[in-house]
file structure-v7.cif (mmCIF, N, CA and C atoms)
data_final
loop_
_atom_site.label_atom_id
_atom_site.label_comp_id
_atom_site.auth_asym_id
_atom_site.auth_seq_id
_atom_site.Cartn_x
_atom_site.Cartn_y
_atom_site.Cartn_z
N MET J 225 0.85 -1.19 0.00
CA MET J 225 0.00 0.00 0.00
C MET J 225 0.89 1.25 0.00
N VAL J 226 0.50 2.22 -0.78
CA VAL J 226 1.26 3.47 -0.90
C VAL J 226 0.74 4.49 0.12
N ALA J 227 1.66 5.16 0.80
CA ALA J 227 1.30 6.24 1.73
C ALA J 227 1.84 7.55 1.16
N ASN J 228 0.92 8.45 0.84
CA ASN J 228 1.28 9.78 0.35
C ASN J 228 0.98 10.80 1.44
N HIS J 229 1.98 11.60 1.79
CA HIS J 229 1.84 12.61 2.84
C HIS J 229 2.16 13.98 2.25
N PHE J 230 1.34 14.96 2.57
CA PHE J 230 1.63 16.33 2.14
C PHE J 230 2.57 16.99 3.15
N THR J 231 3.60 17.63 2.61
CA THR J 231 4.55 18.37 3.43
C THR J 231 4.71 19.77 2.85
N ALA J 232 5.24 20.67 3.67
CA ALA J 232 5.49 22.05 3.23
C ALA J 232 6.88 22.46 3.70
N THR J 233 7.66 22.99 2.78
CA THR J 233 9.04 23.39 3.04
C THR J 233 9.20 24.86 2.67
N GLY J 234 10.03 25.57 3.45
CA GLY J 234 10.23 26.99 3.18
C GLY J 234 11.69 27.35 2.95
N PHE J 235 11.96 27.95 1.80
CA PHE J 235 13.25 28.59 1.59
C PHE J 235 13.08 30.01 2.12
N VAL J 236 13.61 30.24 3.33
CA VAL J 236 13.44 31.51 4.04
C VAL J 236 14.67 32.37 3.80
N PHE J 237 14.43 33.58 3.28
CA PHE J 237 15.50 34.53 3.01
C PHE J 237 15.45 35.66 4.02
N ASP J 238 16.63 36.11 4.46
CA ASP J 238 16.68 37.29 5.32
C ASP J 238 16.95 38.52 4.46
N ASP J 239 17.09 39.68 5.09
CA ASP J 239 17.29 40.93 4.35
C ASP J 239 18.64 41.01 3.64
N GLU J 240 19.56 40.13 4.01
CA GLU J 240 20.88 40.11 3.38
C GLU J 240 20.98 39.08 2.27
N GLY J 241 19.85 38.42 1.94
CA GLY J 241 19.84 37.42 0.88
C GLY J 241 20.33 36.05 1.30
N ARG J 242 20.49 35.87 2.62
CA ARG J 242 20.92 34.56 3.12
C ARG J 242 19.72 33.64 3.28
N VAL J 243 19.99 32.34 3.23
CA VAL J 243 18.96 31.30 3.31
C VAL J 243 19.07 30.58 4.65
N LEU J 244 17.94 30.36 5.29
CA LEU J 244 17.89 29.65 6.56
C LEU J 244 17.93 28.15 6.30
N MET J 245 18.88 27.46 6.94
CA MET J 245 19.01 26.02 6.78
C MET J 245 19.15 25.37 8.15
N ILE J 246 18.66 24.14 8.24
CA ILE J 246 18.79 23.35 9.47
C ILE J 246 19.53 22.05 9.15
N LYS J 247 20.27 21.54 10.12
CA LYS J 247 20.87 20.22 9.96
C LYS J 247 19.94 19.22 10.63
N HIS J 248 19.31 18.40 9.81
CA HIS J 248 18.31 17.45 10.27
C HIS J 248 18.98 16.34 11.08
N LYS J 249 18.54 16.17 12.32
CA LYS J 249 19.18 15.21 13.23
C LYS J 249 19.09 13.78 12.71
N LYS J 250 17.93 13.35 12.27
CA LYS J 250 17.73 11.96 11.82
C LYS J 250 18.45 11.68 10.50
N LEU J 251 18.38 12.62 9.56
CA LEU J 251 18.96 12.41 8.24
C LEU J 251 20.44 12.79 8.17
N GLY J 252 20.88 13.67 9.07
CA GLY J 252 22.29 14.08 9.10
C GLY J 252 22.70 14.99 7.96
N VAL J 253 21.74 15.65 7.32
CA VAL J 253 22.05 16.56 6.21
C VAL J 253 21.38 17.91 6.46
N TRP J 254 21.84 18.92 5.72
CA TRP J 254 21.27 20.27 5.81
C TRP J 254 20.08 20.38 4.89
N LEU J 255 18.98 20.95 5.41
CA LEU J 255 17.74 21.11 4.67
C LEU J 255 17.09 22.45 5.01
N PRO J 256 16.24 22.95 4.13
CA PRO J 256 15.41 24.08 4.54
C PRO J 256 14.37 23.56 5.52
N PRO J 257 13.88 24.40 6.43
CA PRO J 257 12.89 23.93 7.40
C PRO J 257 11.57 23.58 6.73
N GLY J 258 10.88 22.63 7.34
CA GLY J 258 9.58 22.21 6.82
C GLY J 258 9.11 20.95 7.52
N GLY J 259 7.95 20.49 7.15
CA GLY J 259 7.41 19.29 7.75
C GLY J 259 6.03 18.97 7.23
N HIS J 260 5.37 18.05 7.91
CA HIS J 260 4.06 17.57 7.49
C HIS J 260 2.98 18.63 7.66
N VAL J 261 2.06 18.64 6.72
CA VAL J 261 0.87 19.47 6.80
C VAL J 261 -0.14 18.72 7.67
N ASP J 262 -0.59 19.36 8.74
CA ASP J 262 -1.55 18.74 9.63
C ASP J 262 -2.93 18.65 8.96
N GLU J 263 -3.76 17.73 9.47
CA GLU J 263 -5.11 17.58 8.96
C GLU J 263 -5.85 18.92 9.08
N ASN J 264 -6.52 19.30 8.02
CA ASN J 264 -7.30 20.54 7.94
C ASN J 264 -6.45 21.81 7.97
N GLU J 265 -5.14 21.69 7.79
CA GLU J 265 -4.26 22.86 7.78
C GLU J 265 -3.93 23.22 6.33
N LEU J 266 -3.91 24.50 6.03
CA LEU J 266 -3.50 24.94 4.70
C LEU J 266 -1.99 24.82 4.58
N PRO J 267 -1.48 24.38 3.43
CA PRO J 267 -0.03 24.24 3.28
C PRO J 267 0.75 25.52 3.52
N CYS J 268 0.21 26.67 3.08
CA CYS J 268 0.91 27.94 3.27
C CYS J 268 0.96 28.35 4.74
N ALA J 269 0.03 27.85 5.55
CA ALA J 269 0.08 28.06 7.00
C ALA J 269 1.02 27.05 7.64
N ALA J 270 1.02 25.83 7.11
CA ALA J 270 1.89 24.78 7.66
C ALA J 270 3.36 25.15 7.53
N VAL J 271 3.75 25.74 6.40
CA VAL J 271 5.16 26.07 6.23
C VAL J 271 5.59 27.12 7.24
N LEU J 272 4.75 28.10 7.51
CA LEU J 272 5.10 29.12 8.50
C LEU J 272 5.16 28.54 9.90
N ARG J 273 4.25 27.63 10.22
CA ARG J 273 4.27 26.97 11.52
C ARG J 273 5.54 26.14 11.68
N GLU J 274 5.87 25.35 10.66
CA GLU J 274 7.06 24.50 10.72
C GLU J 274 8.34 25.33 10.82
N VAL J 275 8.43 26.40 10.05
CA VAL J 275 9.61 27.26 10.13
C VAL J 275 9.77 27.79 11.55
N PHE J 276 8.68 28.27 12.14
CA PHE J 276 8.75 28.82 13.49
C PHE J 276 9.07 27.73 14.51
N GLU J 277 8.40 26.58 14.43
CA GLU J 277 8.64 25.51 15.40
C GLU J 277 10.09 25.02 15.35
N GLU J 278 10.64 24.88 14.16
CA GLU J 278 11.97 24.32 14.02
C GLU J 278 13.08 25.34 14.27
N THR J 279 12.82 26.62 14.00
CA THR J 279 13.90 27.60 14.02
C THR J 279 13.67 28.80 14.93
N GLY J 280 12.42 29.06 15.31
CA GLY J 280 12.09 30.25 16.08
C GLY J 280 11.94 31.49 15.22
N VAL J 281 12.08 31.36 13.91
CA VAL J 281 12.00 32.50 13.00
C VAL J 281 10.57 32.67 12.50
N ARG J 282 10.05 33.87 12.65
CA ARG J 282 8.75 34.22 12.06
C ARG J 282 9.01 34.64 10.62
N ALA J 283 8.13 34.21 9.73
CA ALA J 283 8.31 34.49 8.31
C ALA J 283 6.95 34.75 7.66
N ARG J 284 7.02 35.19 6.43
CA ARG J 284 5.81 35.33 5.62
C ARG J 284 6.09 34.67 4.27
N VAL J 285 5.04 34.15 3.67
CA VAL J 285 5.17 33.50 2.36
C VAL J 285 5.20 34.58 1.28
N VAL J 286 6.11 34.41 0.33
CA VAL J 286 6.18 35.25 -0.86
C VAL J 286 5.57 34.42 -1.98
N SER J 287 4.40 34.83 -2.45
CA SER J 287 3.70 34.04 -3.48
C SER J 287 4.42 34.16 -4.81
N THR J 288 4.42 33.09 -5.55
CA THR J 288 4.98 33.11 -6.90
C THR J 288 3.93 33.52 -7.93
N ALA J 289 2.71 33.84 -7.46
CA ALA J 289 1.66 34.30 -8.37
C ALA J 289 1.99 35.69 -8.90
N ARG J 290 1.60 35.96 -10.10
CA ARG J 290 1.76 37.30 -10.66
C ARG J 290 0.64 38.18 -10.10
N GLY J 291 0.98 39.30 -9.55
CA GLY J 291 -0.02 40.19 -8.99
C GLY J 291 -0.34 39.82 -7.55
N ASP J 292 -1.27 40.54 -6.97
CA ASP J 292 -1.64 40.34 -5.58
C ASP J 292 -2.53 39.11 -5.42
N VAL J 293 -2.35 38.41 -4.31
CA VAL J 293 -3.22 37.31 -3.96
C VAL J 293 -4.46 37.91 -3.31
N GLN J 294 -5.63 37.54 -3.80
CA GLN J 294 -6.86 38.16 -3.30
C GLN J 294 -7.90 37.10 -2.98
N GLY J 295 -8.80 37.44 -2.06
CA GLY J 295 -9.95 36.60 -1.76
C GLY J 295 -9.58 35.20 -1.32
N MET J 296 -10.09 34.23 -2.02
CA MET J 296 -9.91 32.81 -1.67
C MET J 296 -8.65 32.21 -2.28
N GLU J 297 -7.88 33.01 -3.01
CA GLU J 297 -6.69 32.51 -3.68
C GLU J 297 -5.57 32.28 -2.67
N LEU J 298 -4.97 31.11 -2.71
CA LEU J 298 -3.84 30.78 -1.83
C LEU J 298 -2.53 31.19 -2.48
N ALA J 299 -1.54 31.49 -1.65
CA ALA J 299 -0.20 31.76 -2.15
C ALA J 299 0.32 30.51 -2.87
N LEU J 300 0.86 30.70 -4.05
CA LEU J 300 1.36 29.56 -4.82
C LEU J 300 2.75 29.16 -4.34
N PRO J 301 3.00 27.86 -4.24
CA PRO J 301 4.36 27.42 -3.93
C PRO J 301 5.28 27.64 -5.13
N MET J 302 6.56 27.66 -4.85
CA MET J 302 7.57 27.79 -5.89
C MET J 302 7.57 26.56 -6.79
N GLU J 303 7.43 25.41 -6.15
CA GLU J 303 7.39 24.14 -6.87
C GLU J 303 6.76 23.09 -5.96
N ILE J 304 6.38 21.97 -6.57
CA ILE J 304 5.85 20.84 -5.83
C ILE J 304 6.69 19.63 -6.23
N LEU J 305 7.29 19.00 -5.22
CA LEU J 305 8.16 17.85 -5.48
C LEU J 305 7.52 16.58 -4.96
N LEU J 306 7.71 15.49 -5.68
CA LEU J 306 7.32 14.16 -5.20
C LEU J 306 8.60 13.48 -4.72
N GLU J 307 8.67 13.26 -3.41
CA GLU J 307 9.88 12.69 -2.82
C GLU J 307 9.60 11.27 -2.35
N ASP J 308 10.30 10.30 -2.93
CA ASP J 308 10.16 8.88 -2.61
C ASP J 308 11.03 8.59 -1.39
N ILE J 309 10.43 8.55 -0.22
CA ILE J 309 11.16 8.48 1.04
C ILE J 309 11.86 7.14 1.23
N GLU J 310 11.21 6.05 0.90
CA GLU J 310 11.80 4.72 1.09
C GLU J 310 12.56 4.22 -0.13
N GLY J 311 12.41 4.91 -1.26
CA GLY J 311 13.08 4.50 -2.48
C GLY J 311 12.36 3.41 -3.24
N ASP J 312 11.18 3.02 -2.78
CA ASP J 312 10.42 1.97 -3.45
C ASP J 312 9.00 2.39 -3.81
N GLY J 313 8.68 3.68 -3.63
CA GLY J 313 7.37 4.20 -3.97
C GLY J 313 6.29 3.95 -2.92
N SER J 314 6.66 3.35 -1.79
CA SER J 314 5.65 3.01 -0.78
C SER J 314 5.33 4.17 0.17
N HIS J 315 6.24 5.13 0.28
CA HIS J 315 6.06 6.26 1.20
C HIS J 315 6.55 7.51 0.49
N ASN J 316 5.62 8.37 0.13
CA ASN J 316 5.95 9.57 -0.63
C ASN J 316 5.58 10.83 0.15
N HIS J 317 6.40 11.84 -0.03
CA HIS J 317 6.06 13.17 0.45
C HIS J 317 5.76 14.02 -0.78
N ILE J 318 4.58 14.61 -0.80
CA ILE J 318 4.23 15.58 -1.82
C ILE J 318 4.56 16.92 -1.18
N ASP J 319 5.72 17.46 -1.54
CA ASP J 319 6.32 18.60 -0.83
C ASP J 319 6.06 19.90 -1.58
N LEU J 320 5.28 20.77 -0.96
CA LEU J 320 5.02 22.08 -1.51
C LEU J 320 6.12 23.02 -1.01
N ILE J 321 6.92 23.52 -1.93
CA ILE J 321 8.08 24.33 -1.60
C ILE J 321 7.72 25.81 -1.75
N TYR J 322 7.83 26.56 -0.65
CA TYR J 322 7.46 27.97 -0.64
C TYR J 322 8.68 28.86 -0.50
N LEU J 323 8.59 30.04 -1.12
CA LEU J 323 9.54 31.12 -0.88
C LEU J 323 9.02 31.89 0.33
N CYS J 324 9.92 32.21 1.24
CA CYS J 324 9.52 32.96 2.44
C CYS J 324 10.53 34.07 2.72
N ARG J 325 10.03 35.11 3.36
CA ARG J 325 10.86 36.22 3.80
C ARG J 325 10.82 36.24 5.33
N ALA J 326 11.99 36.25 5.96
CA ALA J 326 12.08 36.29 7.42
C ALA J 326 11.58 37.63 7.93
N GLU J 327 10.87 37.61 9.03
CA GLU J 327 10.43 38.84 9.69
C GLU J 327 11.21 39.05 10.98
N GLY J 328 12.23 38.25 11.17
CA GLY J 328 13.14 38.33 12.31
C GLY J 328 14.23 37.31 12.06
N ALA J 329 15.38 37.48 12.66
CA ALA J 329 16.50 36.58 12.36
C ALA J 329 17.01 35.82 13.57
N GLU J 330 16.39 36.01 14.73
CA GLU J 330 16.85 35.31 15.94
C GLU J 330 16.56 33.82 15.81
N LEU J 331 17.57 32.99 16.01
CA LEU J 331 17.44 31.55 15.84
C LEU J 331 17.26 30.85 17.19
N ARG J 332 16.22 30.03 17.27
CA ARG J 332 15.95 29.18 18.44
C ARG J 332 15.66 27.78 17.93
N PRO J 333 16.69 26.97 17.72
CA PRO J 333 16.47 25.65 17.12
C PRO J 333 15.68 24.70 18.01
N GLN J 334 14.88 23.87 17.36
CA GLN J 334 14.14 22.81 18.03
C GLN J 334 15.12 21.64 18.22
N GLU J 335 15.65 21.50 19.41
CA GLU J 335 16.75 20.58 19.65
C GLU J 335 16.41 19.11 19.42
N ALA J 336 15.14 18.74 19.51
CA ALA J 336 14.75 17.34 19.32
C ALA J 336 14.98 16.88 17.88
N GLU J 337 14.88 17.80 16.91
CA GLU J 337 14.99 17.41 15.50
C GLU J 337 16.19 18.00 14.78
N ILE J 338 16.89 18.95 15.41
CA ILE J 338 17.91 19.72 14.70
C ILE J 338 19.27 19.64 15.38
N ASP J 339 20.30 19.36 14.58
CA ASP J 339 21.68 19.33 15.07
C ASP J 339 22.45 20.61 14.77
N GLY J 340 21.92 21.42 13.86
CA GLY J 340 22.59 22.67 13.50
C GLY J 340 21.61 23.60 12.82
N ILE J 341 21.94 24.87 12.83
CA ILE J 341 21.06 25.87 12.22
C ILE J 341 21.91 27.06 11.82
N GLY J 342 21.52 27.73 10.74
CA GLY J 342 22.26 28.92 10.36
C GLY J 342 21.71 29.60 9.13
N TRP J 343 22.18 30.83 8.93
CA TRP J 343 21.90 31.61 7.74
C TRP J 343 23.09 31.46 6.81
N PHE J 344 22.84 31.09 5.56
CA PHE J 344 23.90 30.83 4.60
C PHE J 344 23.66 31.61 3.30
N LEU J 345 24.73 32.12 2.73
CA LEU J 345 24.63 32.66 1.39
C LEU J 345 24.26 31.52 0.45
N PRO J 346 23.52 31.79 -0.63
CA PRO J 346 23.15 30.71 -1.55
C PRO J 346 24.35 29.90 -2.04
N SER J 347 25.47 30.56 -2.29
CA SER J 347 26.67 29.83 -2.73
C SER J 347 27.16 28.87 -1.65
N GLN J 348 26.97 29.23 -0.38
CA GLN J 348 27.36 28.33 0.72
C GLN J 348 26.41 27.14 0.82
N VAL J 349 25.12 27.37 0.54
CA VAL J 349 24.15 26.26 0.59
C VAL J 349 24.56 25.19 -0.41
N LEU J 350 25.05 25.60 -1.56
CA LEU J 350 25.46 24.64 -2.59
C LEU J 350 26.61 23.76 -2.12
N GLU J 351 27.38 24.22 -1.13
CA GLU J 351 28.52 23.46 -0.61
C GLU J 351 28.18 22.60 0.60
N LEU J 352 26.97 22.77 1.15
CA LEU J 352 26.58 22.00 2.33
C LEU J 352 26.33 20.54 1.99
N ASP J 353 26.38 19.68 3.00
CA ASP J 353 26.01 18.28 2.86
C ASP J 353 24.49 18.22 2.80
N THR J 354 23.95 18.13 1.58
CA THR J 354 22.51 18.13 1.38
C THR J 354 22.17 17.30 0.16
N PHE J 355 20.91 17.27 -0.18
CA PHE J 355 20.46 16.52 -1.35
C PHE J 355 20.56 17.38 -2.61
N ASP J 356 20.70 16.73 -3.76
CA ASP J 356 20.80 17.45 -5.03
C ASP J 356 19.58 18.30 -5.30
N ASN J 357 18.38 17.79 -4.92
CA ASN J 357 17.17 18.58 -5.19
C ASN J 357 17.14 19.86 -4.35
N VAL J 358 17.80 19.88 -3.20
CA VAL J 358 17.88 21.10 -2.39
C VAL J 358 18.77 22.11 -3.11
N ARG J 359 19.88 21.65 -3.66
CA ARG J 359 20.77 22.56 -4.41
C ARG J 359 20.04 23.16 -5.62
N THR J 360 19.33 22.32 -6.35
CA THR J 360 18.58 22.79 -7.51
C THR J 360 17.50 23.79 -7.10
N SER J 361 16.79 23.47 -6.02
CA SER J 361 15.71 24.34 -5.56
C SER J 361 16.21 25.67 -5.04
N VAL J 362 17.36 25.69 -4.34
CA VAL J 362 17.86 26.96 -3.83
C VAL J 362 18.28 27.87 -4.98
N GLU J 363 18.84 27.31 -6.03
CA GLU J 363 19.19 28.13 -7.20
C GLU J 363 17.93 28.74 -7.82
N LYS J 364 16.87 27.94 -7.92
CA LYS J 364 15.60 28.43 -8.46
C LYS J 364 15.02 29.50 -7.53
N ALA J 365 15.09 29.26 -6.22
CA ALA J 365 14.55 30.21 -5.23
C ALA J 365 15.25 31.55 -5.33
N VAL J 366 16.55 31.56 -5.48
CA VAL J 366 17.32 32.81 -5.57
C VAL J 366 16.86 33.60 -6.80
N LYS J 367 16.70 32.94 -7.93
CA LYS J 367 16.26 33.62 -9.15
C LYS J 367 14.86 34.20 -8.98
N LEU J 368 13.97 33.43 -8.37
CA LEU J 368 12.60 33.91 -8.18
C LEU J 368 12.55 35.08 -7.19
N MET J 369 13.34 35.01 -6.12
CA MET J 369 13.34 36.10 -5.14
C MET J 369 13.84 37.39 -5.77
N GLU J 370 14.77 37.30 -6.70
CA GLU J 370 15.25 38.50 -7.39
C GLU J 370 14.12 39.17 -8.18
N VAL J 371 13.20 38.37 -8.70
CA VAL J 371 12.10 38.90 -9.50
C VAL J 371 10.92 39.33 -8.64
N LEU J 372 10.62 38.55 -7.60
CA LEU J 372 9.40 38.75 -6.82
C LEU J 372 9.54 39.67 -5.63
N ALA J 373 10.69 39.67 -5.00
CA ALA J 373 10.83 40.40 -3.73
C ALA J 373 11.32 41.81 -3.92
#
call {"tool": "encode", "arguments": {"input": "structure-v7.cif", "output": "structure tokens"}}
result
Amino acid sequence: MVANHFTATGFVFDDEGRVLMIKHKKLGVWLPPGGHVDENELPCAAVLREVFEETGVRARVVSTARGDVQGMELALPMEILLEDIEGDGSHNHIDLIYLCRAEGAELRPQEAEIDGIGWFLPSQVLELDTFDNVRTSVEKAVKLMEVLA
């Protein structure tokens, strides 16, 4: 049986163009903050909750939609990735990747899940021990932030 779980991840940028990254305790690699979308939770709210819970940083979503988001329209994610967690298709994360802008930079890591935390220049993120899709996504995020923010 296949288990598909919705997750939300945030590439959070500060005013200096740095990206917030966490070192995931279980996986042992650097990742942008994020996690599972709770039942009845909107993904754009889940990413802000996860960013705050994991890092202590308050943020706002930067929509990739052209023009202002109005009424019932949700902020669009930068991309949606299908991540095969077990490598056999039995456990997937449907990961909605959002661009976010930090509204504060004080870091308070969630010690149960995080071994490290920091603000990194995009070029530094490319050198971290992380997954290839994170490197690809951060490059895309930087280009979009230049246009949108």
call {"tool": "residues_around", "arguments": {"input": "structure-v7.cif", "residues": "Gly328 in chain J", "least_positions_apart": "2", "cutoff": "9 Å", "atoms": "only C-alpha atoms", "output": "compact mmCIF listing (two decimals) with N, CA and C atoms, in the frame of the given file"}}
result
# COMPACT_ATOMS: atom_id res chain seq x y z
N ASP J 238 16.63 36.11 4.46
CA ASP J 238 16.68 37.29 5.32
C ASP J 238 16.95 38.52 4.46
N GLY J 280 12.42 29.06 15.31
CA GLY J 280 12.09 30.25 16.08
C GLY J 280 11.94 31.49 15.22
N VAL J 281 12.08 31.36 13.91
CA VAL J 281 12.00 32.50 13.00
C VAL J 281 10.57 32.67 12.50
N ARG J 282 10.05 33.87 12.65
CA ARG J 282 8.75 34.22 12.06
C ARG J 282 9.01 34.64 10.62
N ALA J 283 8.13 34.21 9.73
CA ALA J 283 8.31 34.49 8.31
C ALA J 283 6.95 34.75 7.66
N ALA J 326 11.99 36.25 5.96
CA ALA J 326 12.08 36.29 7.42
C ALA J 326 11.58 37.63 7.93
N GLU J 330 16.39 36.01 14.73
CA GLU J 330 16.85 35.31 15.94
C GLU J 330 16.56 33.82 15.81
N LEU J 331 17.57 32.99 16.01
CA LEU J 331 17.44 31.55 15.84
C LEU J 331 17.26 30.85 17.19
call {"tool": "residues_around", "arguments": {"input": "structure-v7.cif", "residues": "range 354-356 of chain J", "least_positions_apart": "4", "cutoff": "6.5 Å", "atoms": "all atoms listed in the file", "output": "VMD selection string"}}
result
chain J and resid 253 to 255 360 to 361
call {"tool": "closest_residue", "arguments": {"input": "structure-v7.cif", "among": "J:Ala336, J:Arg325, J:Leu372, J:Lys367", "to": "Lys250 in chain J", "atoms": "all atoms listed in the file"}}
result
J:Ala336
call {"tool": "select_by_dssp", "arguments": {"input": "structure-v7.cif", "residues": "chain J", "states": "alpha helix (DSSP H)", "output": "PyMOL selection string"}}
result
chain J and resi 267-279+346-349+356-372
call {"tool": "atom_distance", "arguments": {"input": "structure-v7.cif", "atom1": "atom C of Thr288 in chain J", "atom2": "CA of Ala365 in chain J"}}
result
11.4 Å
call {"tool": "resolve_selection", "arguments": {"input": "structure-v7.cif", "expression": "the PyMOL selection byres (((chain J and resi 228 and name CA) around 9) and name CA)", "output": "PyMOL selection string"}}
result
chain J and resi 226-227+229-230+314-318
call {"tool": "write_last_selection", "arguments": {"input": "structure-v7.cif", "atoms": "N, CA and C atoms", "output": "short mmCIF file (atom, residue, chain, number, x, y, z; two decimals), keeping the file's coordinate frame"}}
result
data_model
loop_
_atom_site.label_atom_id
_atom_site.label_comp_id
_atom_site.auth_asym_id
_atom_site.auth_seq_id
_atom_site.Cartn_x
_atom_site.Cartn_y
_atom_site.Cartn_z
N VAL J 226 0.50 2.22 -0.78
CA VAL J 226 1.26 3.47 -0.90
C VAL J 226 0.74 4.49 0.12
N ALA J 227 1.66 5.16 0.80
CA ALA J 227 1.30 6.24 1.73
C ALA J 227 1.84 7.55 1.16
N HIS J 229 1.98 11.60 1.79
CA HIS J 229 1.84 12.61 2.84
C HIS J 229 2.16 13.98 2.25
N PHE J 230 1.34 14.96 2.57
CA PHE J 230 1.63 16.33 2.14
C PHE J 230 2.57 16.99 3.15
N SER J 314 6.66 3.35 -1.79
CA SER J 314 5.65 3.01 -0.78
C SER J 314 5.33 4.17 0.17
N HIS J 315 6.24 5.13 0.28
CA HIS J 315 6.06 6.26 1.20
C HIS J 315 6.55 7.51 0.49
N ASN J 316 5.62 8.37 0.13
CA ASN J 316 5.95 9.57 -0.63
C ASN J 316 5.58 10.83 0.15
N HIS J 317 6.40 11.84 -0.03
CA HIS J 317 6.06 13.17 0.45
C HIS J 317 5.76 14.02 -0.78
N ILE J 318 4.58 14.61 -0.80
CA ILE J 318 4.23 15.58 -1.82
C ILE J 318 4.56 16.92 -1.18
#
call {"tool": "closest_residue", "arguments": {"input": "structure-v7.cif", "among": "J:Val286, J:Glu335, J:Gly313, J:Ala299", "to": "Leu368 in chain J", "atoms": "only C-alpha atoms"}}
result
J:Val286
call {"tool": "atom_distance", "arguments": {"input": "structure-v7.cif", "atom1": "CA of Leu244 in chain J", "atom2": "CA of Thr279 in chain J"}}
result
8.7 Å
call {"tool": "select_by_dssp", "arguments": {"input": "structure-v7.cif", "residues": "range 239-362 of chain J", "states": "strand (DSSP E)", "output": "number ranges by chain"}}
result
J: 243-248, 254-255, 258-260, 283-286, 303-308, 315-326, 338-344
call {"tool": "atom_distance", "arguments": {"input": "structure-v7.cif", "atom1": "CA of Ala269 in chain J", "atom2": "CA of Glu310 in chain J"}}
result
26.8 Å
call {"tool": "resolve_selection", "arguments": {"input": "structure-v7.cif", "expression": "the PyMOL selection byres ((chain J and resi 319) around 6.5)", "output": "VMD selection string"}}
result
chain J and resid 229 to 233 303 to 307 317 to 318 320 to 321
call {"tool": "resolve_selection", "arguments": {"input": "structure-v7.cif", "expression": "the PyMOL selection byres ((chain J and resi 249) around 5)", "output": "MDAnalysis selection string"}}
result
chainID J and resid 247:248 250:252 337:339
call {"tool": "residues_around", "arguments": {"input": "structure-v7.cif", "residues": "Glu240 in chain J", "least_positions_apart": "3", "cutoff": "10 Å", "atoms": "only C-alpha atoms", "output": "VMD selection string"}}
result
chain J and resid 237 243 343 to 345
call {"tool": "closest_residue", "arguments": {"input": "structure-v7.cif", "among": "J:Val371, J:Val275, J:Leu298, J:Cys268", "to": "Arg332 in chain J", "atoms": "only C-alpha atoms"}}
result
J:Val275
call {"tool": "build_atoms", "arguments": {"input": "structure-v7.cif", "residues": "range 342-352 of chain J", "atoms": "N, CA, C and O atoms", "output": "tab-separated table (two decimals), in the frame of the given file"}}
result
chain	number	residue	atom	x	y	z
J	342	GLY	N	21.52	27.73	10.74
J	342	GLY	CA	22.26	28.92	10.36
J	342	GLY	C	21.71	29.60	9.13
J	342	GLY	O	20.88	29.04	8.40
J	343	TRP	N	22.18	30.83	8.93
J	343	TRP	CA	21.90	31.61	7.74
J	343	TRP	C	23.09	31.46	6.81
J	343	TRP	O	24.23	31.67	7.22
J	344	PHE	N	22.84	31.09	5.56
J	344	PHE	CA	23.90	30.83	4.60
J	344	PHE	C	23.66	31.61	3.30
J	344	PHE	O	22.51	31.71	2.84
J	345	LEU	N	24.73	32.12	2.73
J	345	LEU	CA	24.63	32.66	1.39
J	345	LEU	C	24.26	31.52	0.45
J	345	LEU	O	24.64	30.36	0.70
J	346	PRO	N	23.52	31.79	-0.63
J	346	PRO	CA	23.15	30.71	-1.55
J	346	PRO	C	24.35	29.90	-2.04
J	346	PRO	O	24.27	28.67	-2.17
J	347	SER	N	25.47	30.56	-2.29
J	347	SER	CA	26.67	29.83	-2.73
J	347	SER	C	27.16	28.87	-1.65
J	347	SER	O	27.69	27.80	-1.96
J	348	GLN	N	26.97	29.23	-0.38
J	348	GLN	CA	27.36	28.33	0.72
J	348	GLN	C	26.41	27.14	0.82
J	348	GLN	O	26.84	26.04	1.15
J	349	VAL	N	25.12	27.37	0.54
J	349	VAL	CA	24.15	26.26	0.59
J	349	VAL	C	24.56	25.19	-0.41
J	349	VAL	O	24.47	23.99	-0.12
J	350	LEU	N	25.05	25.60	-1.56
J	350	LEU	CA	25.46	24.64	-2.59
J	350	LEU	C	26.61	23.76	-2.12
J	350	LEU	O	26.80	22.66	-2.63
J	351	GLU	N	27.38	24.22	-1.13
J	351	GLU	CA	28.52	23.46	-0.61
J	351	GLU	C	28.18	22.60	0.60
J	351	GLU	O	28.99	21.79	1.05
J	352	LEU	N	26.97	22.77	1.15
J	352	LEU	CA	26.58	22.00	2.33
J	352	LEU	C	26.33	20.54	1.99
J	352	LEU	O	26.05	20.20	0.83
